[in-house]
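Structure file work32.cif with mmCIF, C-alpha atoms:
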data_entry
loop_
_atom_site.label_atom_id
_atom_site.label_comp_id
_atom_site.auth_asym_id
_atom_site.auth_seq_id
_atom_site.Cartn_x
_atom_site.Cartn_y
_atom_site.Cartn_z
CA MET C 1 180.97 83.26 -18.65
CA LYS C 2 179.91 82.58 -15.08
CA LYS C 3 177.22 80.02 -15.62
CA THR C 4 176.56 80.03 -11.88
CA ASN C 5 174.85 83.41 -12.11
CA ASP C 6 172.35 82.26 -14.71
CA ASN C 7 169.07 82.14 -12.82
CA SER C 8 166.66 81.30 -15.63
CA PHE C 9 164.20 78.43 -15.82
CA LEU C 10 166.29 76.72 -18.49
CA ALA C 11 169.50 77.08 -16.48
CA GLY C 12 167.73 75.35 -13.62
CA MET C 13 166.68 72.52 -15.91
CA ARG C 14 170.20 72.13 -17.27
CA ASP C 15 171.78 72.09 -13.80
CA SER C 16 169.29 69.48 -12.60
CA ILE C 17 170.00 66.82 -15.22
CA PRO C 18 173.07 65.36 -13.42
CA ILE C 19 171.00 65.14 -10.23
CA ALA C 20 168.24 63.35 -12.13
CA ILE C 21 170.72 60.77 -13.44
CA VAL C 22 171.93 59.79 -9.99
CA TYR C 23 168.40 59.96 -8.59
CA PHE C 24 167.38 57.33 -11.08
CA ILE C 25 170.05 54.95 -9.81
CA VAL C 26 169.26 55.61 -6.16
CA SER C 27 165.46 55.44 -6.52
CA PHE C 28 165.78 52.32 -8.63
CA THR C 29 167.37 50.49 -5.69
CA LEU C 30 164.62 51.88 -3.46
CA GLY C 31 162.02 50.46 -5.86
CA VAL C 32 163.72 47.08 -5.88
CA THR C 33 163.54 47.04 -2.08
CA ILE C 34 159.85 47.93 -2.16
CA ALA C 35 159.19 45.02 -4.51
CA LYS C 36 161.22 42.72 -2.24
CA TYR C 37 158.86 43.63 0.60
CA ALA C 38 156.02 42.57 -1.75
CA TYR C 39 154.37 45.97 -2.13
CA PRO C 40 152.90 46.75 -5.57
CA ALA C 41 154.45 49.14 -8.10
CA TRP C 42 151.73 51.76 -7.59
CA TYR C 43 152.71 51.84 -3.93
CA ALA C 44 156.28 52.59 -5.02
CA ALA C 45 154.95 55.53 -7.03
CA LEU C 46 152.90 56.81 -4.09
CA PHE C 47 155.80 56.32 -1.69
CA SER C 48 158.24 58.38 -3.77
CA ALA C 49 155.82 60.99 -5.12
CA THR C 50 154.69 61.98 -1.63
CA SER C 51 158.08 62.06 0.10
CA PHE C 52 160.82 62.72 -2.50
CA THR C 53 163.63 62.28 0.02
CA SER C 54 166.32 59.64 -0.22
CA VAL C 55 167.45 59.17 3.36
CA GLY C 56 164.01 59.67 4.89
CA GLN C 57 162.41 57.13 2.58
CA ALA C 58 165.13 54.56 3.19
CA THR C 59 164.58 54.98 6.94
CA GLY C 60 160.80 54.77 6.63
CA LEU C 61 160.86 51.78 4.32
CA LYS C 62 162.97 49.73 6.72
CA MET C 63 160.38 50.37 9.43
CA ILE C 64 157.38 49.73 7.16
CA ALA C 65 158.82 46.32 6.36
CA GLU C 66 158.61 45.37 10.06
CA ALA C 67 155.16 44.07 10.92
CA SER C 68 155.39 45.34 14.49
CA THR C 69 156.26 48.99 13.80
CA SER C 70 153.59 51.51 14.74
CA LEU C 71 152.71 54.43 12.50
CA LEU C 72 153.67 56.82 15.29
CA GLU C 73 157.18 55.38 15.45
CA ILE C 74 157.60 55.83 11.72
CA GLY C 75 156.35 59.40 11.89
CA ILE C 76 158.74 60.32 14.69
CA ALA C 77 161.75 58.56 13.15
CA VAL C 78 161.28 60.15 9.73
CA LEU C 79 160.61 63.57 11.25
CA ILE C 80 163.89 63.33 13.15
CA VAL C 81 165.76 62.30 10.01
CA ASN C 82 164.22 65.33 8.32
CA PHE C 83 165.17 67.84 11.03
CA ARG C 84 168.13 68.89 8.92
CA TYR C 85 165.70 70.41 6.40
CA ILE C 86 164.93 73.10 8.97
CA LEU C 87 168.56 74.22 8.74
CA THR C 88 168.47 73.83 4.96
CA GLY C 89 165.30 75.92 4.71
CA ILE C 90 166.69 78.75 6.83
CA SER C 91 169.91 78.68 4.84
CA LEU C 92 168.09 78.81 1.49
CA SER C 93 165.67 81.48 2.74
CA GLN C 94 168.58 83.93 2.74
CA LYS C 95 169.13 83.55 -0.99
CA LEU C 96 165.61 83.59 -2.37
CA ASN C 97 164.68 86.74 -4.26
CA THR C 98 160.93 86.26 -3.79
CA LYS C 99 158.84 87.23 -0.79
CA SER C 100 155.77 85.37 -2.05
CA LYS C 101 154.77 82.80 0.56
CA TRP C 102 153.29 80.48 -2.05
CA LYS C 103 156.40 80.52 -4.19
CA ARG C 104 158.62 79.93 -1.17
CA ALA C 105 156.40 77.07 -0.01
CA LEU C 106 156.55 75.45 -3.43
CA ILE C 107 160.34 75.69 -3.43
CA GLY C 108 160.24 74.17 0.05
CA PHE C 109 158.46 71.09 -1.20
CA PHE C 110 161.30 70.47 -3.65
CA ILE C 111 164.17 70.98 -1.19
CA THR C 112 166.54 68.03 -1.29
CA ASP C 113 170.07 67.63 -0.03
CA GLU C 114 171.34 67.43 -3.59
CA MET C 115 169.58 70.57 -4.79
CA TYR C 116 170.76 72.34 -1.66
CA ALA C 117 174.35 71.43 -2.46
CA VAL C 118 173.99 72.56 -6.07
CA VAL C 119 172.31 75.91 -5.34
CA SER C 120 174.39 76.73 -2.27
CA SER C 121 177.03 78.15 -4.60
CA LYS C 122 174.60 80.72 -5.99
CA LYS C 123 174.39 84.20 -4.50
CA THR C 124 170.68 84.47 -5.20
CA ILE C 125 168.14 81.86 -6.19
CA THR C 126 165.11 82.76 -8.27
CA PHE C 127 161.75 81.02 -8.24
CA GLU C 128 162.12 80.40 -11.99
CA TYR C 129 165.48 78.71 -11.53
CA TYR C 130 164.26 76.43 -8.77
CA MET C 131 161.10 75.51 -10.65
CA GLY C 132 163.23 74.69 -13.69
CA ALA C 133 165.50 72.53 -11.59
CA SER C 134 162.81 70.56 -9.77
CA PRO C 135 160.63 68.62 -12.28
CA ILE C 136 163.28 66.45 -13.99
CA PRO C 137 164.81 65.09 -10.75
CA TYR C 138 161.30 64.61 -9.32
CA VAL C 139 160.09 62.61 -12.33
CA SER C 140 163.36 60.69 -12.36
CA TRP C 141 162.99 59.90 -8.65
CA VAL C 142 159.39 58.67 -8.91
CA GLY C 143 159.98 56.94 -12.24
CA GLY C 144 163.13 55.22 -10.99
CA THR C 145 161.29 53.90 -7.95
CA VAL C 146 158.49 52.48 -10.10
CA ILE C 147 160.83 50.95 -12.67
CA GLY C 148 162.89 49.43 -9.85
CA ALA C 149 159.73 47.96 -8.32
CA VAL C 150 158.52 46.57 -11.65
CA THR C 151 161.78 45.08 -12.86
CA ASP C 152 162.61 43.87 -9.35
CA SER C 153 165.05 41.00 -9.78
CA PHE C 154 165.85 41.94 -13.37
CA LEU C 155 169.22 43.27 -12.21
CA PRO C 156 171.69 40.84 -10.68
CA GLU C 157 172.15 41.05 -6.92
CA ARG C 158 175.75 42.21 -7.32
CA VAL C 159 174.72 45.26 -9.32
CA GLN C 160 172.04 46.14 -6.79
CA VAL C 161 174.53 45.92 -3.92
CA ALA C 162 177.02 48.11 -5.78
CA MET C 163 174.34 50.71 -6.47
CA GLY C 164 173.90 51.17 -2.72
CA ILE C 165 176.96 53.44 -2.61
CA ALA C 166 175.79 55.73 -5.45
CA LEU C 167 173.97 58.29 -3.32
CA TYR C 168 176.89 58.75 -0.95
CA CYS C 169 179.43 59.05 -3.74
CA MET C 170 177.24 61.68 -5.35
CA PHE C 171 177.32 63.57 -2.05
CA ILE C 172 181.12 63.40 -2.10
CA GLY C 173 181.11 64.65 -5.68
CA LEU C 174 178.92 67.55 -4.58
CA ILE C 175 180.92 68.84 -1.62
CA ILE C 176 184.52 68.39 -2.78
CA PRO C 177 184.63 70.78 -5.80
CA PRO C 178 183.38 73.84 -3.84
CA ALA C 179 185.93 73.02 -1.14
CA LYS C 180 188.73 73.08 -3.70
CA ARG C 181 187.91 76.71 -4.39
CA ASP C 182 187.15 77.67 -0.82
CA LYS C 183 189.65 75.81 1.33
CA ARG C 184 187.84 76.67 4.55
CA LEU C 185 185.16 74.21 3.51
CA PHE C 186 187.65 71.36 3.84
CA PHE C 187 187.92 72.17 7.51
CA THR C 188 184.13 71.96 7.80
CA ILE C 189 183.94 68.71 5.85
CA LEU C 190 186.65 67.01 7.91
CA LEU C 191 185.25 68.32 11.17
CA ALA C 192 181.68 67.21 10.35
CA ALA C 193 182.92 63.78 9.31
CA ALA C 194 184.95 63.47 12.52
CA VAL C 195 182.09 64.57 14.78
CA SER C 196 179.66 62.29 12.96
CA CYS C 197 182.03 59.33 13.36
CA LEU C 198 182.45 60.20 17.02
CA PHE C 199 178.70 60.02 17.47
CA TYR C 200 178.48 56.81 15.53
CA PHE C 201 181.09 54.87 17.47
CA THR C 202 180.96 56.30 21.01
CA PRO C 203 178.89 54.35 23.56
CA TYR C 204 175.64 56.14 24.56
CA LEU C 205 176.10 58.75 21.81
CA LYS C 206 175.61 56.04 19.21
CA ASP C 207 172.18 55.24 20.67
CA LEU C 208 170.95 58.57 19.34
CA SER C 209 168.99 58.28 16.11
CA PHE C 210 170.57 58.96 12.73
CA GLY C 211 168.67 62.22 12.24
CA ILE C 212 169.67 63.65 15.62
CA ARG C 213 173.31 62.69 15.08
CA ILE C 214 173.35 64.43 11.69
CA VAL C 215 171.81 67.62 13.03
CA ILE C 216 174.15 67.82 16.05
CA SER C 217 177.23 67.03 13.96
CA ALA C 218 176.30 69.60 11.32
CA VAL C 219 175.46 72.34 13.82
CA VAL C 220 178.61 71.77 15.90
CA SER C 221 180.96 71.75 12.92
CA ALA C 222 179.31 74.71 11.17
CA LEU C 223 179.44 76.69 14.43
CA ILE C 224 183.12 75.93 14.96
CA SER C 225 183.86 76.74 11.31
CA ALA C 226 182.05 80.06 11.65
CA LEU C 227 184.07 80.87 14.79
CA VAL C 228 187.42 79.94 13.25
CA PHE C 229 186.79 81.28 9.73
CA PRO C 230 184.18 84.06 9.72
CA VAL C 231 183.03 84.80 6.19
CA GLU C 232 183.42 88.27 4.74
CA TYR C 233 180.48 89.82 2.93
CA LEU C 234 179.00 93.11 1.91
CA ASP C 235 176.16 94.06 4.20
CA ASP C 236 173.70 95.43 1.72
CA ASP C 237 173.55 92.91 -1.09
CA SER C 238 174.98 89.85 0.63
CA VAL C 239 177.77 89.36 -1.90
CA TYR C 240 180.76 87.58 -0.50
CA VAL C 241 183.85 89.71 -0.77
CA ARG C 242 186.25 86.85 -0.68
CA GLU C 243 185.98 84.00 -3.11
CA PRO C 244 182.47 82.63 -3.02
CA ILE C 245 182.04 78.91 -3.30
CA SER C 246 181.07 78.10 -6.84
CA ALA C 247 178.87 75.55 -8.50
CA PRO C 248 179.98 71.95 -8.15
CA LEU C 249 178.95 71.40 -11.75
CA ALA C 250 180.81 70.92 -14.97
CA ASN C 251 182.18 74.46 -15.20
CA ASP C 252 185.16 73.61 -13.02
CA SER C 253 187.88 74.33 -15.55
CA ASP C 254 186.63 77.86 -16.22
CA GLU C 255 186.50 78.63 -12.54
CA GLU C 256 189.98 77.35 -11.90
CA GLU C 257 191.54 79.80 -14.33
CA VAL C 258 189.76 82.68 -12.69
CA ALA C 259 190.93 81.59 -9.26
CA SER C 260 194.58 81.11 -10.14
CA MET J 1 153.05 45.86 7.74
CA THR J 2 149.86 45.46 5.70
CA LEU J 3 149.46 47.41 2.49
CA GLN J 4 146.78 49.56 4.07
CA ASN J 5 149.04 50.53 6.97
CA ALA J 6 151.90 51.06 4.54
CA ILE J 7 149.75 53.60 2.70
CA TYR J 8 149.04 55.40 5.97
CA ALA J 9 152.77 55.29 6.69
CA ALA J 10 153.53 56.90 3.31
CA LEU J 11 151.04 59.70 4.02
CA ILE J 12 152.48 60.30 7.48
CA MET J 13 155.97 60.37 6.01
CA CYS J 14 154.73 62.87 3.44
CA ALA J 15 153.55 65.15 6.25
CA VAL J 16 156.71 64.90 8.36
CA THR J 17 158.83 65.53 5.26
CA ILE J 18 156.88 68.54 4.02
CA ILE J 19 156.63 70.29 7.41
CA PRO J 20 160.38 70.81 8.04
CA ARG J 21 160.94 71.55 4.35
CA VAL J 22 158.20 74.07 3.75
CA ILE J 23 157.66 75.96 7.02
CA PRO J 24 161.12 77.45 7.66
CA ILE J 25 161.73 78.63 4.10
CA THR J 26 158.21 80.06 3.81
CA PHE J 27 158.10 82.06 7.01
CA PHE J 28 161.74 82.93 7.58
CA THR J 29 161.90 85.89 5.22
CA HIS J 30 164.14 88.45 6.82
CA ARG J 31 167.82 88.74 5.99
CA VAL J 32 170.22 87.65 8.67
CA LYS J 33 172.63 90.52 9.37
CA SER J 34 174.87 88.85 11.89
CA ARG J 35 178.20 87.99 10.38
CA PHE J 36 178.50 84.99 12.65
CA ILE J 37 175.16 83.48 11.65
CA ARG J 38 175.84 84.19 7.98
CA SER J 39 179.13 82.33 8.34
CA PHE J 40 177.32 79.51 10.10
CA LEU J 41 174.87 79.22 7.20
CA HIS J 42 177.75 79.40 4.71
CA TYR J 43 179.28 76.26 6.19
CA MET J 44 175.98 74.43 6.67
CA PRO J 45 175.68 72.59 3.31
CA SER J 46 179.12 71.00 3.57
CA ALA J 47 178.55 70.20 7.24
CA ILE J 48 175.19 68.48 6.75
CA ILE J 49 176.25 66.44 3.77
CA SER J 50 179.60 65.42 5.22
CA ALA J 51 177.89 64.30 8.44
CA MET J 52 175.43 62.25 6.41
CA VAL J 53 178.13 60.60 4.32
CA PHE J 54 180.56 59.67 7.09
CA PRO J 55 180.65 57.04 8.44
CA ALA J 56 177.44 55.77 6.74
CA ILE J 57 179.14 55.34 3.37
CA PHE J 58 181.36 52.56 4.75
CA PHE J 59 178.31 50.40 5.48
CA THR J 60 176.52 50.79 2.15
CA THR J 61 177.69 47.66 0.35
CA GLY J 62 177.73 45.04 3.09
CA ASN J 63 181.53 44.94 2.96
CA VAL J 64 183.51 47.69 4.70
CA ILE J 65 186.66 47.16 2.62
CA ILE J 66 184.87 47.39 -0.72
CA ALA J 67 182.89 50.42 0.44
CA SER J 68 186.11 52.08 1.63
CA VAL J 69 187.69 51.58 -1.77
CA GLY J 70 184.55 53.04 -3.36
CA THR J 71 184.84 56.04 -1.03
CA VAL J 72 188.49 56.61 -1.92
CA VAL J 73 187.64 56.37 -5.62
CA ALA J 74 184.87 58.94 -5.22
CA LEU J 75 187.18 61.27 -3.27
CA ALA J 76 189.97 60.86 -5.80
CA LEU J 77 187.75 61.40 -8.83
CA SER J 78 186.12 64.53 -7.44
CA PHE J 79 189.32 65.91 -5.95
CA VAL J 80 192.00 65.13 -8.50
CA LYS J 81 190.07 64.57 -11.71
CA LYS J 82 187.41 67.20 -10.98
CA LEU J 83 184.72 65.08 -12.61
CA PRO J 84 181.05 66.08 -12.31
CA PHE J 85 179.26 64.45 -9.38
CA PHE J 86 177.12 62.06 -11.40
CA VAL J 87 180.22 60.66 -13.11
CA VAL J 88 181.82 60.27 -9.68
CA ALA J 89 178.80 58.35 -8.42
CA ILE J 90 178.54 56.05 -11.43
CA ALA J 91 182.29 55.38 -11.58
CA SER J 92 182.31 54.43 -7.89
CA VAL J 93 179.39 52.05 -8.41
CA VAL J 94 181.30 50.39 -11.25
CA VAL J 95 184.41 50.01 -9.10
CA VAL J 96 182.41 48.57 -6.20
CA PHE J 97 180.66 46.20 -8.59
CA ALA J 98 183.98 44.99 -10.01
CA LEU J 99 185.45 44.51 -6.53
CA GLY J 100 182.41 42.41 -5.63
CA PHE J 101 183.90 39.60 -7.71
CA ALA J 102 187.22 39.75 -5.86
CA PHE J 103 185.72 39.11 -2.42
#

What's the structure tokens form of this structure?
Amino acid sequence: MKKTNDNSFLAGMRDSIPIAIVYFIVSFTLGVTIAKYAYPAWYAALFSATSFTSVGQATGLKMIAEASTSLLEIGIAVLIVNFRYILTGISLSQKLNTKSKWKRALIGFFITDEMYAVVSSKKTITFEYYMGASPIPYVSWVGGTVIGAVTDSFLPERVQVAMGIALYCMFIGLIIPPAKRDKRLFFTILLAAAVSCLFYFTPYLKDLSFGIRIVISAVVSALISALVFPVEYLDDDSVYVREPISAPLANDSDEEEVAS
Amino acid sequence: MTLQNAIYAALIMCAVTIIPRVIPITFFTHRVKSRFIRSFLHYMPSAIISAMVFPAIFFTTGNVIIASVGTVVALALSFVKKLPFFVVAIASVVVVFALGFAF
């Protein structure tokens, strides 16, 4: 009954379809922007196929559009935005059931914030599951960028503007359901939002780059959460004794009955 | 930026995206035993994503009020209605689109 424990290739594919849907919307707007900057559609394909990261690409694209930006500046800015993946990678490394360096590296290439949120509910992650979950969102991401670049002004401006919020609302949809089952996560979510806002609006602090602000906010709030609410677990097989957070997918109703 | 430089930029971005993604997960293979660090990692996904969303989400549509309504809709749909995240995202886009006519 617990779909969350299904670690097969097909389960990965199934769980990735909702991600792919939103990716299409988000990458479409990215493609439209690329076309607005007068780069060809094949560049859109290259741009998304090589990076496959929403926030990093949005940051990079803004800088690419400026004639005066140096390549070094872009490299540094995008690297800083991507610092959070170091935390993500360490976090995921605890759940992988494979020691193979090649397999782990391949999973690493396909780490995204969305996949991280989806798989963070799982106790263990298999190579098969992750490889099942990666291709559809990847194709959707690259395809959406290209289609956005080709169709360009096909969509009215109003629709394009509205689509700008899609990625962030997906993030909300990803973190709220696990928090409903594990109330301690609400504390983390509120704290991280508060710290992030503090960094955004406070003089001097707000001069820090987006990537640095995210990393500091996340580390500070996860540290405080860990101090206030240490998590119980069994030493040997890393199973949480108290309610684990569960998948933020469509199996909510089943889970709720178990919990109550 | 010229197309040629933009291609170089894409390749550089590829490198600086792959490095932080691939290196930690590949070489960090031992299990963390410390309860504190395990707890820290337990809270990390929510912390990262929440920090990315707030306050950035309020500046996504060029109008803070509309974006705030979109945010509330997303929170309400995922909290009260327990809808899957892609439905939450699409519904919020529709609401923001509709509000675009009101302002």

Note to self: Show me, as a PyMOL selection string, the residues of chain J whose atoms get within 7 Å of chain C, using only C-alpha atoms for the distance check.
What the structure shows: chain J and resi 1+3+6+9-10+12-14+16-18+20-22+24-26+28-29+31+36+39-41+43-55+57+60-61+71+74-75+78-79+82+84-86+88-90+92-93+96-97+100

Note to self: Rounded to one decimal, what separation in Å do you get between atom CA of Val142 of chain C and atom CA of Leu10 of chain C?
What the structure shows: 21.6 Å

Margin query: Please compute the atom CA of Phe103 of chain J-atom CA of Ile66 of chain J distance, one decimal, in Å.
Written below: 8.5 Å

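Using only C-alpha atoms, the protein and nucleic acid residues lying at most 10 Å from the point (170.6, 72.8, -15.9) are Lys3, Asp6, Asn7, Ser8, Phe9, Leu10, Ala11, Gly12, Met13, Arg14, Asp15, Ser16, Ile17, Pro18, Ile19, Tyr129, Gly132, Ala133, Ile136 and Leu249 of chain C.
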
Would you save segment 11-41 of chain J to a file, keeping N, CA and C atoms, as an mmCIF file, in the first residue's frame?
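Written output follows (decode32.cif):
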data_model
loop_
_atom_site.group_PDB
_atom_site.id
_atom_site.type_symbol
_atom_site.label_atom_id
_atom_site.label_comp_id
_atom_site.auth_asym_id
_atom_site.auth_seq_id
_atom_site.Cartn_x
_atom_site.Cartn_y
_atom_site.Cartn_z
ATOM 1 N N LEU J 11 28.520 26.408 -21.747
ATOM 2 C CA LEU J 11 29.435 25.319 -21.372
ATOM 3 C C LEU J 11 30.020 25.551 -19.978
ATOM 4 N N ILE J 12 30.326 26.806 -19.673
ATOM 5 C CA ILE J 12 30.829 27.115 -18.326
ATOM 6 C C ILE J 12 29.750 26.825 -17.290
ATOM 7 N N MET J 13 28.521 27.231 -17.610
ATOM 8 C CA MET J 13 27.414 26.955 -16.687
ATOM 9 C C MET J 13 27.229 25.459 -16.492
ATOM 10 N N CYS J 14 27.421 24.707 -17.572
ATOM 11 C CA CYS J 14 27.325 23.247 -17.470
ATOM 12 C C CYS J 14 28.332 22.737 -16.437
ATOM 13 N N ALA J 15 29.559 23.233 -16.526
ATOM 14 C CA ALA J 15 30.607 22.782 -15.607
ATOM 15 C C ALA J 15 30.285 23.164 -14.165
ATOM 16 N N VAL J 16 29.888 24.406 -13.943
ATOM 17 C CA VAL J 16 29.662 24.849 -12.558
ATOM 18 C C VAL J 16 28.338 24.326 -12.003
ATOM 19 N N THR J 17 27.520 23.697 -12.864
ATOM 20 C CA THR J 17 26.323 23.032 -12.351
ATOM 21 C C THR J 17 26.645 21.579 -12.015
ATOM 22 N N ILE J 18 27.429 20.942 -12.879
ATOM 23 C CA ILE J 18 27.736 19.519 -12.668
ATOM 24 C C ILE J 18 28.640 19.318 -11.451
ATOM 25 N N ILE J 19 29.623 20.210 -11.267
ATOM 26 C CA ILE J 19 30.587 20.010 -10.173
ATOM 27 C C ILE J 19 29.901 19.905 -8.798
ATOM 28 N N PRO J 20 29.095 20.891 -8.382
ATOM 29 C CA PRO J 20 28.474 20.740 -7.053
ATOM 30 C C PRO J 20 27.413 19.646 -6.996
ATOM 31 N N ARG J 21 26.890 19.244 -8.155
ATOM 32 C CA ARG J 21 25.895 18.175 -8.146
ATOM 33 C C ARG J 21 26.540 16.809 -8.029
ATOM 34 N N VAL J 22 27.607 16.602 -8.781
ATOM 35 C CA VAL J 22 28.148 15.250 -8.925
ATOM 36 C C VAL J 22 29.165 14.908 -7.835
ATOM 37 N N ILE J 23 30.053 15.848 -7.502
ATOM 38 C CA ILE J 23 31.168 15.499 -6.618
ATOM 39 C C ILE J 23 30.735 15.077 -5.213
ATOM 40 N N PRO J 24 29.887 15.846 -4.524
ATOM 41 C CA PRO J 24 29.539 15.404 -3.163
ATOM 42 C C PRO J 24 28.845 14.048 -3.122
ATOM 43 N N ILE J 25 27.880 13.831 -3.998
ATOM 44 C CA ILE J 25 27.121 12.570 -3.921
ATOM 45 C C ILE J 25 27.991 11.382 -4.320
ATOM 46 N N THR J 26 28.977 11.620 -5.187
ATOM 47 C CA THR J 26 29.831 10.522 -5.656
ATOM 48 C C THR J 26 30.834 10.094 -4.591
ATOM 49 N N PHE J 27 31.420 11.065 -3.917
ATOM 50 C CA PHE J 27 32.537 10.733 -3.029
ATOM 51 C C PHE J 27 32.166 10.710 -1.552
ATOM 52 N N PHE J 28 30.989 11.188 -1.224
ATOM 53 C CA PHE J 28 30.557 11.138 0.175
ATOM 54 C C PHE J 28 29.745 9.857 0.351
ATOM 55 N N THR J 29 30.433 8.760 0.688
ATOM 56 C CA THR J 29 29.730 7.471 0.683
ATOM 57 C C THR J 29 29.470 6.894 2.071
ATOM 58 N N HIS J 30 30.098 7.438 3.081
ATOM 59 C CA HIS J 30 29.880 6.816 4.391
ATOM 60 C C HIS J 30 28.611 7.363 5.057
ATOM 61 N N ARG J 31 28.042 6.513 5.899
ATOM 62 C CA ARG J 31 26.817 6.888 6.597
ATOM 63 C C ARG J 31 27.121 7.804 7.770
ATOM 64 N N VAL J 32 26.389 8.890 7.848
ATOM 65 C CA VAL J 32 26.543 9.793 8.981
ATOM 66 C C VAL J 32 25.887 9.161 10.195
ATOM 67 N N LYS J 33 26.634 9.039 11.297
ATOM 68 C CA LYS J 33 26.081 8.409 12.500
ATOM 69 C C LYS J 33 25.523 9.434 13.475
ATOM 70 N N SER J 34 26.077 10.636 13.424
ATOM 71 C CA SER J 34 25.667 11.648 14.382
ATOM 72 C C SER J 34 24.183 11.974 14.262
ATOM 73 N N ARG J 35 23.505 11.896 15.397
ATOM 74 C CA ARG J 35 22.078 12.175 15.389
ATOM 75 C C ARG J 35 21.821 13.619 14.973
ATOM 76 N N PHE J 36 22.698 14.493 15.427
ATOM 77 C CA PHE J 36 22.517 15.911 15.118
ATOM 78 C C PHE J 36 22.617 16.171 13.613
ATOM 79 N N ILE J 37 23.636 15.594 12.995
ATOM 80 C CA ILE J 37 23.815 15.838 11.555
ATOM 81 C C ILE J 37 22.709 15.153 10.755
ATOM 82 N N ARG J 38 22.275 13.999 11.224
ATOM 83 C CA ARG J 38 21.152 13.335 10.537
ATOM 84 C C ARG J 38 19.908 14.213 10.618
ATOM 85 N N SER J 39 19.689 14.815 11.767
ATOM 86 C CA SER J 39 18.538 15.705 11.917
ATOM 87 C C SER J 39 18.671 16.900 10.983
ATOM 88 N N PHE J 40 19.887 17.434 10.948
ATOM 89 C CA PHE J 40 20.184 18.568 10.071
ATOM 90 C C PHE J 40 19.828 18.221 8.626
ATOM 91 N N LEU J 41 20.238 17.038 8.176
ATOM 92 C CA LEU J 41 19.962 16.629 6.804
ATOM 93 C C LEU J 41 18.473 16.353 6.589
#
